[in-house]
Each structure stands twice: as C-alpha cells, then as structure tokens.
$ cat input29.cif   # mmCIF, C-alpha atoms
data_structure
loop_
_atom_site.label_atom_id
_atom_site.label_comp_id
_atom_site.auth_asym_id
_atom_site.auth_seq_id
_atom_site.Cartn_x
_atom_site.Cartn_y
_atom_site.Cartn_z
CA MET A 27 93.68 90.03 107.98
CA ALA A 28 96.20 89.89 110.82
CA GLU A 29 96.73 92.54 113.43
CA VAL A 30 99.61 92.95 115.84
CA ARG A 31 98.55 91.93 119.34
CA VAL A 32 99.95 93.67 122.42
CA LYS A 33 101.14 91.28 125.14
CA LYS A 34 98.43 90.92 127.76
CA GLY A 35 98.72 93.44 130.56
CA GLU A 36 101.19 95.73 128.79
CA GLU A 37 100.92 99.32 127.65
CA LEU A 38 103.38 99.90 124.82
CA ASN A 39 106.21 102.40 124.96
CA GLY A 40 106.49 105.02 122.18
CA LEU A 41 108.63 102.81 119.94
CA GLY A 42 106.14 99.96 120.25
CA MET A 43 103.15 102.21 119.54
CA MET A 44 104.81 103.62 116.42
CA LEU A 45 105.78 100.21 115.05
CA LYS A 46 102.40 98.63 115.88
CA GLU A 47 100.59 101.35 113.93
CA ILE A 48 102.88 100.88 110.91
CA MET A 49 102.60 97.09 111.03
CA ASP A 50 98.80 97.12 111.43
CA THR A 51 98.55 99.36 108.36
CA ASN A 52 100.91 97.21 106.29
CA LEU A 53 99.27 93.92 107.32
CA LYS A 54 96.07 95.05 105.57
CA ASP A 55 97.96 94.55 102.31
CA GLN A 56 97.60 90.87 101.37
CA LYS A 57 100.98 90.76 99.63
CA LYS A 58 102.80 92.17 102.68
CA TYR A 59 100.94 89.81 105.00
CA LYS A 60 101.91 86.82 102.84
CA SER A 61 105.58 87.83 103.08
CA VAL A 62 105.54 87.37 106.88
CA GLU A 63 102.78 84.86 107.56
CA LYS A 64 105.14 81.88 107.84
CA LEU A 65 107.78 83.59 109.98
CA LYS A 66 108.60 82.06 113.36
CA GLY A 67 110.86 83.46 116.03
CA SER A 68 111.43 86.70 117.87
CA VAL A 69 112.93 90.03 116.90
CA VAL A 70 114.20 92.73 119.25
CA ILE A 71 114.19 96.31 117.99
CA ARG A 72 116.11 98.78 120.15
CA GLU A 73 116.53 102.54 120.02
CA ALA A 74 120.22 103.01 120.78
CA THR A 75 120.25 106.37 122.58
CA SER A 76 117.60 105.69 125.22
CA CYS A 77 117.88 101.86 125.13
CA VAL A 78 114.11 101.61 124.70
CA ALA A 79 113.29 98.25 123.13
CA ILE A 80 110.40 96.13 121.97
CA THR A 81 110.21 92.45 121.11
CA LEU A 82 108.11 91.00 118.31
CA HIS A 83 107.06 87.37 118.65
CA LEU A 84 106.32 85.85 115.23
CA ARG A 85 104.15 82.73 115.18
CA GLN A 86 103.18 81.84 111.62
CA GLY A 87 100.80 84.70 110.90
CA GLU A 88 100.36 85.90 114.47
CA ILE A 89 102.46 88.76 115.74
CA GLU A 90 102.66 89.78 119.39
CA ILE A 91 104.52 92.86 120.58
CA GLN A 92 105.86 93.57 124.05
CA ASN A 93 108.01 96.18 125.73
CA GLY A 94 111.64 95.41 126.43
CA ASP A 95 113.95 92.80 125.00
CA ILE A 96 114.38 89.09 125.53
CA ASP A 97 117.65 87.22 126.08
CA LYS A 98 117.94 85.16 122.89
CA PRO A 99 115.97 86.60 119.98
CA THR A 100 116.06 85.09 116.51
CA ALA A 101 117.17 88.50 115.23
CA TYR A 102 118.10 91.89 116.63
CA MET A 103 118.28 95.40 115.23
CA GLU A 104 119.40 98.66 116.79
CA ALA A 105 119.60 102.25 115.59
CA GLY A 106 119.36 105.77 116.92
CA PHE A 107 115.95 107.46 117.06
CA GLU A 108 116.48 109.55 113.94
CA ASN A 109 117.64 106.57 111.89
CA LEU A 110 114.74 104.40 113.11
CA ALA A 111 112.38 107.18 112.04
CA TYR A 112 114.03 107.42 108.61
CA ILE A 113 113.89 103.64 108.16
CA SER A 114 110.30 103.18 109.33
CA SER A 115 109.08 106.10 107.19
CA GLY A 116 110.78 104.69 104.11
CA GLN A 117 113.21 107.61 103.70
CA ILE A 118 116.13 105.17 103.87
CA SER A 119 115.93 101.48 103.05
CA PRO A 120 116.84 98.98 105.78
CA MET A 121 119.54 97.51 103.52
CA LYS A 122 121.14 100.90 102.93
CA ALA A 123 120.96 101.63 106.67
CA ILE A 124 122.81 98.37 107.40
CA LEU A 125 125.46 99.01 104.76
CA THR A 126 126.11 102.55 105.99
CA GLY A 127 126.24 101.53 109.66
CA LYS A 128 123.05 103.37 110.62
CA LEU A 129 121.34 100.10 111.57
CA ARG A 130 123.14 97.37 113.50
CA THR A 131 121.80 93.84 113.20
CA LYS A 132 122.46 90.38 114.60
CA GLY A 133 120.89 87.01 114.02
CA ASN A 134 118.83 85.76 111.12
CA PRO A 135 119.11 88.24 108.21
CA LEU A 136 116.25 86.60 106.27
CA THR A 137 113.86 87.20 109.16
CA LEU A 138 114.89 90.86 109.30
CA LEU A 139 114.55 91.27 105.54
CA LYS A 140 111.04 89.76 105.49
CA LEU A 141 110.01 91.74 108.56
CA SER A 142 110.98 94.98 106.82
CA ASN A 143 107.98 94.41 104.52
CA ILE A 144 105.68 95.34 107.40
CA THR A 145 107.83 97.62 109.59
CA VAL A 146 108.47 100.23 106.87
CA LEU A 147 105.83 102.52 105.40
CA LYS A 148 105.94 102.12 101.63
#
$ encode --input "input29.cif" --output "structure tokens"
Amino acid sequence: MAEVRVKKGEELNGLGMMLKEIMDTNLKDQKKYKSVEKLKGSVVIREATSCVAITLHLRQGEIEIQNGDIDKPTAYMEAGFENLAYISSGQISPMKAILTGKLRTKGNPLTLLKLSNITVLK
C-alpha cells in the first residue's frame, strides 16, 4: 500500500506532519487508496493565520509532501487552524466548510474532492 513520502532533505512543519499521519493511515484502506491512485498534479494546503503551507505532489499512486507552497498548483485550499483541525478530524465535511466559507479553494474541484478521501479521518 502507498505511503506519503517526504521530499528529500526536508523536515515537515506541524501542518505537514499532521496531514502525513492522517494520509498514511487512510492509505492503508484499499478503497481510499483507489480513490486517489490515478490523481496527477499538485495541491497546496495553507493555514491562513500563520501562512504555514505544504504542497502535495500527486503522481498516479505516489504522493510526495513538502513544506511551503508552489507557484501554480493544480488546486489550492486555505483555512484557519481551527477549521483545518475540524475538517481533518471529520467534525465538519470539506463540502460544508466550502459552502460556509470556512475553507477557501481554487483550482480543480475534483482533485480536492478526491483528495479529501485521504486527508480527513473518517
């Protein structure tokens, strides 16, 4: 089963460590892995208050995580710390967070929707 790889030479920030742990757990579930195994592109996830960000690089079943953001991601999401915690713990669905303005997104919505299968504890 897949595991999220940390970009060579990097030590993840707190946001990256939290998301990597959640994704590694979820990727053990064959159904969740299948939902993301064909994804290609990059996704930036940013915590709005501190501007801490991570980038996920999706390469058909391989996922690499790095600190910071890149210039032109396939998709982008941003929320405050509390809302990111609520979303990643499953207390609020990503869709509800978007509709209520707690999560701001840009780019490919299908990529974000599929990615939520592994970035949210369920």
$ residues_around --input "input29.cif" --residues "stretch 65-76 of chain A" --least-positions-apart "4" --cutoff "8 Å" --atoms "all atoms listed in the file" --output "ChimeraX atom specification"
/A:41,80-87,95-96,99-107,110,137-138
$ closest_residue --input "input29.cif" --among "A:Leu38, A:Ile89, A:Ile48, A:Cys77" --to "A:Val146" --atoms "all atoms listed in the file"
A:Ile48
$ closest_atom_pairs --input "input29.cif" --of "stretch 45-97 of chain A" --to "stretch 27-33 of chain A" --cutoff "8 Å" --atoms "all atoms listed in the file" --output "CSV"
residue,atom,partner,partner_atom,distance
A:Lys46,CA,A:Val30,CA,6.3
A:Met49,CA,A:Val30,CA,7.0
A:Asp50,CA,A:Glu29,CA,5.4
A:Leu53,CA,A:Ala28,CA,6.2
A:Lys54,CA,A:Met27,CA,6.1
A:Gln56,CA,A:Met27,CA,7.7
A:Tyr59,CA,A:Ala28,CA,7.5
A:Gly87,CA,A:Ala28,CA,6.9
A:Glu88,CA,A:Ala28,CA,6.8
A:Ile89,CA,A:Val30,CA,5.1
A:Glu90,CA,A:Arg31,CA,4.6
A:Ile91,CA,A:Val32,CA,5.0
A:Gln92,CA,A:Lys33,CA,5.4
$ closest_residue --input "input29.cif" --among "A:Glu36, A:Lys58, A:Met43, A:Ser142" --to "A:Ala123" --atoms "only C-alpha atoms"
A:Ser142
$ closest_residue --input "input29.cif" --among "A:Thr51, A:Glu63, A:Lys98, A:Leu147" --to "A:Gln117" --atoms "all atoms listed in the file"
A:Leu147
$ atom_distance --input "input29.cif" --atom1 "atom CA of A:Lys132" --atom2 "atom CA of A:Lys57"
26.2 Å
$ atom_distance --input "input29.cif" --atom1 "atom CA of A:Gly42" --atom2 "atom CA of A:Tyr112"
15.9 Å
$ atom_distance --input "input29.cif" --atom1 "atom CA of A:Lys140" --atom2 "atom CA of A:Pro120"
10.9 Å
$ residues_near_point --input "input29.cif" --point "(116.7, 97.1, 106.2)" --cutoff "10 Å" --atoms "all atoms listed in the file" --output "compact mmCIF listing (two decimals) with C-alpha atoms, in the coordinates of the input"
# COMPACT_ATOMS: atom_id res chain seq x y z
CA MET A 103 118.28 95.40 115.23
CA ILE A 113 113.89 103.64 108.16
CA SER A 114 110.30 103.18 109.33
CA GLY A 116 110.78 104.69 104.11
CA ILE A 118 116.13 105.17 103.87
CA SER A 119 115.93 101.48 103.05
CA PRO A 120 116.84 98.98 105.78
CA MET A 121 119.54 97.51 103.52
CA LYS A 122 121.14 100.90 102.93
CA ALA A 123 120.96 101.63 106.67
CA ILE A 124 122.81 98.37 107.40
CA LEU A 125 125.46 99.01 104.76
CA LYS A 128 123.05 103.37 110.62
CA LEU A 129 121.34 100.10 111.57
CA ARG A 130 123.14 97.37 113.50
CA THR A 131 121.80 93.84 113.20
CA PRO A 135 119.11 88.24 108.21
CA LEU A 138 114.89 90.86 109.30
CA LEU A 139 114.55 91.27 105.54
CA LYS A 140 111.04 89.76 105.49
CA LEU A 141 110.01 91.74 108.56
CA SER A 142 110.98 94.98 106.82
CA ASN A 143 107.98 94.41 104.52
CA THR A 145 107.83 97.62 109.59
CA VAL A 146 108.47 100.23 106.87
$ closest_residue --input "input29.cif" --among "A:Asn93, A:Lys60, A:Ala79, A:Asp55" --to "A:Glu37" --atoms "all atoms listed in the file"
A:Asn93
$ decode --input "input29.cif" --residues "chain A" --atoms "C-alpha atoms" --output "PDB file, in the first residue's frame"
ATOM      1  CA  MET A  27       0.000   0.000   0.000  1.00  0.00           C
ATOM      2  CA  ALA A  28       1.148   3.565  -0.639  1.00  0.00           C
ATOM      3  CA  GLU A  29       2.721   5.855   1.882  1.00  0.00           C
ATOM      4  CA  VAL A  30       3.243   9.591   1.694  1.00  0.00           C
ATOM      5  CA  ARG A  31       6.901  10.374   1.020  1.00  0.00           C
ATOM      6  CA  VAL A  32       8.553  13.478   2.471  1.00  0.00           C
ATOM      7  CA  LYS A  33      10.589  15.469  -0.060  1.00  0.00           C
ATOM      8  CA  LYS A  34      14.248  14.536   0.269  1.00  0.00           C
ATOM      9  CA  GLY A  35      16.130  16.711   2.726  1.00  0.00           C
ATOM     10  CA  GLU A  36      13.040  18.241   4.347  1.00  0.00           C
ATOM     11  CA  GLU A  37      11.707  18.067   7.878  1.00  0.00           C
ATOM     12  CA  LEU A  38       7.976  18.719   7.814  1.00  0.00           C
ATOM     13  CA  ASN A  39       6.299  21.590   9.608  1.00  0.00           C
ATOM     14  CA  GLY A  40       3.431  20.826  12.029  1.00  0.00           C
ATOM     15  CA  LEU A  41       0.752  21.026   9.338  1.00  0.00           C
ATOM     16  CA  GLY A  42       2.681  18.612   7.141  1.00  0.00           C
ATOM     17  CA  MET A  43       3.290  16.158   9.995  1.00  0.00           C
ATOM     18  CA  MET A  44      -0.407  16.138  10.914  1.00  0.00           C
ATOM     19  CA  LEU A  45      -1.589  15.603   7.337  1.00  0.00           C
ATOM     20  CA  LYS A  46       1.059  12.959   6.591  1.00  0.00           C
ATOM     21  CA  GLU A  47      -0.051  10.919   9.594  1.00  0.00           C
ATOM     22  CA  ILE A  48      -3.720  11.133   8.554  1.00  0.00           C
ATOM     23  CA  MET A  49      -2.942  10.287   4.924  1.00  0.00           C
ATOM     24  CA  ASP A  50      -0.676   7.346   5.823  1.00  0.00           C
ATOM     25  CA  THR A  51      -3.463   5.920   7.996  1.00  0.00           C
ATOM     26  CA  ASN A  52      -6.123   6.403   5.311  1.00  0.00           C
ATOM     27  CA  LEU A  53      -3.952   4.994   2.507  1.00  0.00           C
ATOM     28  CA  LYS A  54      -3.962   1.613   4.289  1.00  0.00           C
ATOM     29  CA  ASP A  55      -7.629   1.368   3.301  1.00  0.00           C
ATOM     30  CA  GLN A  56      -7.727  -0.094  -0.229  1.00  0.00           C
ATOM     31  CA  LYS A  57     -10.909   1.779  -1.144  1.00  0.00           C
ATOM     32  CA  LYS A  58      -9.452   5.155  -0.112  1.00  0.00           C
ATOM     33  CA  TYR A  59      -6.202   4.411  -1.935  1.00  0.00           C
ATOM     34  CA  LYS A  60      -8.111   3.532  -5.112  1.00  0.00           C
ATOM     35  CA  SER A  61      -9.918   6.889  -4.954  1.00  0.00           C
ATOM     36  CA  VAL A  62      -6.610   8.780  -5.305  1.00  0.00           C
ATOM     37  CA  GLU A  63      -4.270   6.392  -7.107  1.00  0.00           C
ATOM     38  CA  LYS A  64      -4.825   7.965 -10.535  1.00  0.00           C
ATOM     39  CA  LEU A  65      -4.585  11.594  -9.423  1.00  0.00           C
ATOM     40  CA  LYS A  66      -1.918  13.778 -11.014  1.00  0.00           C
ATOM     41  CA  GLY A  67      -0.997  17.315 -10.101  1.00  0.00           C
ATOM     42  CA  SER A  68      -0.181  19.343  -7.031  1.00  0.00           C
ATOM     43  CA  VAL A  69      -2.234  20.683  -4.156  1.00  0.00           C
ATOM     44  CA  VAL A  70      -1.263  23.465  -1.760  1.00  0.00           C
ATOM     45  CA  ILE A  71      -2.832  23.430   1.700  1.00  0.00           C
ATOM     46  CA  ARG A  72      -2.325  26.615   3.721  1.00  0.00           C
ATOM     47  CA  GLU A  73      -3.165  27.572   7.284  1.00  0.00           C
ATOM     48  CA  ALA A  74      -4.467  31.125   6.920  1.00  0.00           C
ATOM     49  CA  THR A  75      -3.431  32.706  10.227  1.00  0.00           C
ATOM     50  CA  SER A  76       0.261  31.778  10.232  1.00  0.00           C
ATOM     51  CA  CYS A  77       0.576  31.273   6.442  1.00  0.00           C
ATOM     52  CA  VAL A  78       2.173  27.866   7.045  1.00  0.00           C
ATOM     53  CA  ALA A  79       1.718  25.748   3.921  1.00  0.00           C
ATOM     54  CA  ILE A  80       2.501  22.357   2.482  1.00  0.00           C
ATOM     55  CA  THR A  81       2.390  21.083  -1.076  1.00  0.00           C
ATOM     56  CA  LEU A  82       1.286  17.600  -2.078  1.00  0.00           C
ATOM     57  CA  HIS A  83       2.612  16.256  -5.371  1.00  0.00           C
ATOM     58  CA  LEU A  84       0.298  13.560  -6.760  1.00  0.00           C
ATOM     59  CA  ARG A  85       1.802  11.169  -9.304  1.00  0.00           C
ATOM     60  CA  GLN A  86      -0.605   8.324 -10.036  1.00  0.00           C
ATOM     61  CA  GLY A  87      -0.407   6.487  -6.732  1.00  0.00           C
ATOM     62  CA  GLU A  88       2.684   8.219  -5.381  1.00  0.00           C
ATOM     63  CA  ILE A  89       2.292  11.156  -3.039  1.00  0.00           C
ATOM     64  CA  GLU A  90       5.141  13.427  -2.008  1.00  0.00           C
ATOM     65  CA  ILE A  91       4.782  16.156   0.596  1.00  0.00           C
ATOM     66  CA  GLN A  92       6.939  19.228   1.071  1.00  0.00           C
ATOM     67  CA  ASN A  93       6.909  22.372   3.167  1.00  0.00           C
ATOM     68  CA  GLY A  94       5.760  25.614   1.603  1.00  0.00           C
ATOM     69  CA  ASP A  95       3.735  26.299  -1.492  1.00  0.00           C
ATOM     70  CA  ILE A  96       4.480  26.269  -5.195  1.00  0.00           C
ATOM     71  CA  ASP A  97       3.545  28.938  -7.743  1.00  0.00           C
ATOM     72  CA  LYS A  98       0.981  27.124  -9.886  1.00  0.00           C
ATOM     73  CA  PRO A  99      -0.689  24.209  -8.107  1.00  0.00           C
ATOM     74  CA  THR A 100      -3.477  22.181  -9.679  1.00  0.00           C
ATOM     75  CA  ALA A 101      -5.599  23.039  -6.643  1.00  0.00           C
ATOM     76  CA  TYR A 102      -5.355  25.163  -3.516  1.00  0.00           C
ATOM     77  CA  MET A 103      -7.137  25.212  -0.176  1.00  0.00           C
ATOM     78  CA  GLU A 104      -6.830  27.553   2.775  1.00  0.00           C
ATOM     79  CA  ALA A 105      -8.454  27.725   6.196  1.00  0.00           C
ATOM     80  CA  GLY A 106      -7.691  28.870   9.711  1.00  0.00           C
ATOM     81  CA  PHE A 107      -6.078  26.420  12.137  1.00  0.00           C
ATOM     82  CA  GLU A 108      -9.287  25.584  13.974  1.00  0.00           C
ATOM     83  CA  ASN A 109     -11.201  24.935  10.757  1.00  0.00           C
ATOM     84  CA  LEU A 110      -8.381  22.778   9.333  1.00  0.00           C
ATOM     85  CA  ALA A 111      -8.475  20.753  12.552  1.00  0.00           C
ATOM     86  CA  TYR A 112     -12.268  20.354  12.328  1.00  0.00           C
ATOM     87  CA  ILE A 113     -12.052  19.320   8.671  1.00  0.00           C
ATOM     88  CA  SER A 114      -9.162  16.875   9.067  1.00  0.00           C
ATOM     89  CA  SER A 115     -10.766  15.267  12.134  1.00  0.00           C
ATOM     90  CA  GLY A 116     -14.053  14.792  10.297  1.00  0.00           C
ATOM     91  CA  GLN A 117     -16.040  17.120  12.582  1.00  0.00           C
ATOM     92  CA  ILE A 118     -17.047  19.193   9.552  1.00  0.00           C
ATOM     93  CA  SER A 119     -17.125  17.931   5.978  1.00  0.00           C
ATOM     94  CA  PRO A 120     -14.918  19.673   3.405  1.00  0.00           C
ATOM     95  CA  MET A 121     -18.007  20.450   1.307  1.00  0.00           C
ATOM     96  CA  LYS A 122     -19.801  22.086   4.227  1.00  0.00           C
ATOM     97  CA  ALA A 123     -16.640  24.040   5.070  1.00  0.00           C
ATOM     98  CA  ILE A 124     -16.504  25.377   1.500  1.00  0.00           C
ATOM     99  CA  LEU A 125     -20.187  26.293   1.449  1.00  0.00           C
ATOM    100  CA  THR A 126     -19.965  28.123   4.784  1.00  0.00           C
ATOM    101  CA  GLY A 127     -16.773  29.984   3.847  1.00  0.00           C
ATOM    102  CA  LYS A 128     -14.593  28.173   6.382  1.00  0.00           C
ATOM    103  CA  LEU A 129     -12.451  26.670   3.613  1.00  0.00           C
ATOM    104  CA  ARG A 130     -11.347  28.683   0.591  1.00  0.00           C
ATOM    105  CA  THR A 131     -10.428  26.780  -2.547  1.00  0.00           C
ATOM    106  CA  LYS A 132      -9.095  27.438  -6.033  1.00  0.00           C
ATOM    107  CA  GLY A 133      -8.311  25.221  -8.966  1.00  0.00           C
ATOM    108  CA  ASN A 134      -9.556  21.755  -9.793  1.00  0.00           C
ATOM    109  CA  PRO A 135     -12.511  20.895  -7.507  1.00  0.00           C
ATOM    110  CA  LEU A 136     -12.476  17.209  -8.499  1.00  0.00           C
ATOM    111  CA  THR A 137      -8.885  16.853  -7.303  1.00  0.00           C
ATOM    112  CA  LEU A 138      -9.802  18.445  -3.970  1.00  0.00           C
ATOM    113  CA  LEU A 139     -12.877  16.256  -3.582  1.00  0.00           C
ATOM    114  CA  LYS A 140     -10.924  13.046  -4.257  1.00  0.00           C
ATOM    115  CA  LEU A 141      -8.066  14.165  -2.028  1.00  0.00           C
ATOM    116  CA  SER A 142     -10.491  14.639   0.872  1.00  0.00           C
ATOM    117  CA  ASN A 143     -10.832  10.829   0.939  1.00  0.00           C
ATOM    118  CA  ILE A 144      -7.349  10.610   2.436  1.00  0.00           C
ATOM    119  CA  THR A 145      -6.906  13.963   4.221  1.00  0.00           C
ATOM    120  CA  VAL A 146      -9.900  13.527   6.546  1.00  0.00           C
ATOM    121  CA  LEU A 147     -10.125  10.970   9.341  1.00  0.00           C
ATOM    122  CA  LYS A 148     -13.327   9.004   8.835  1.00  0.00           C
TER     123      LYS A 148
END
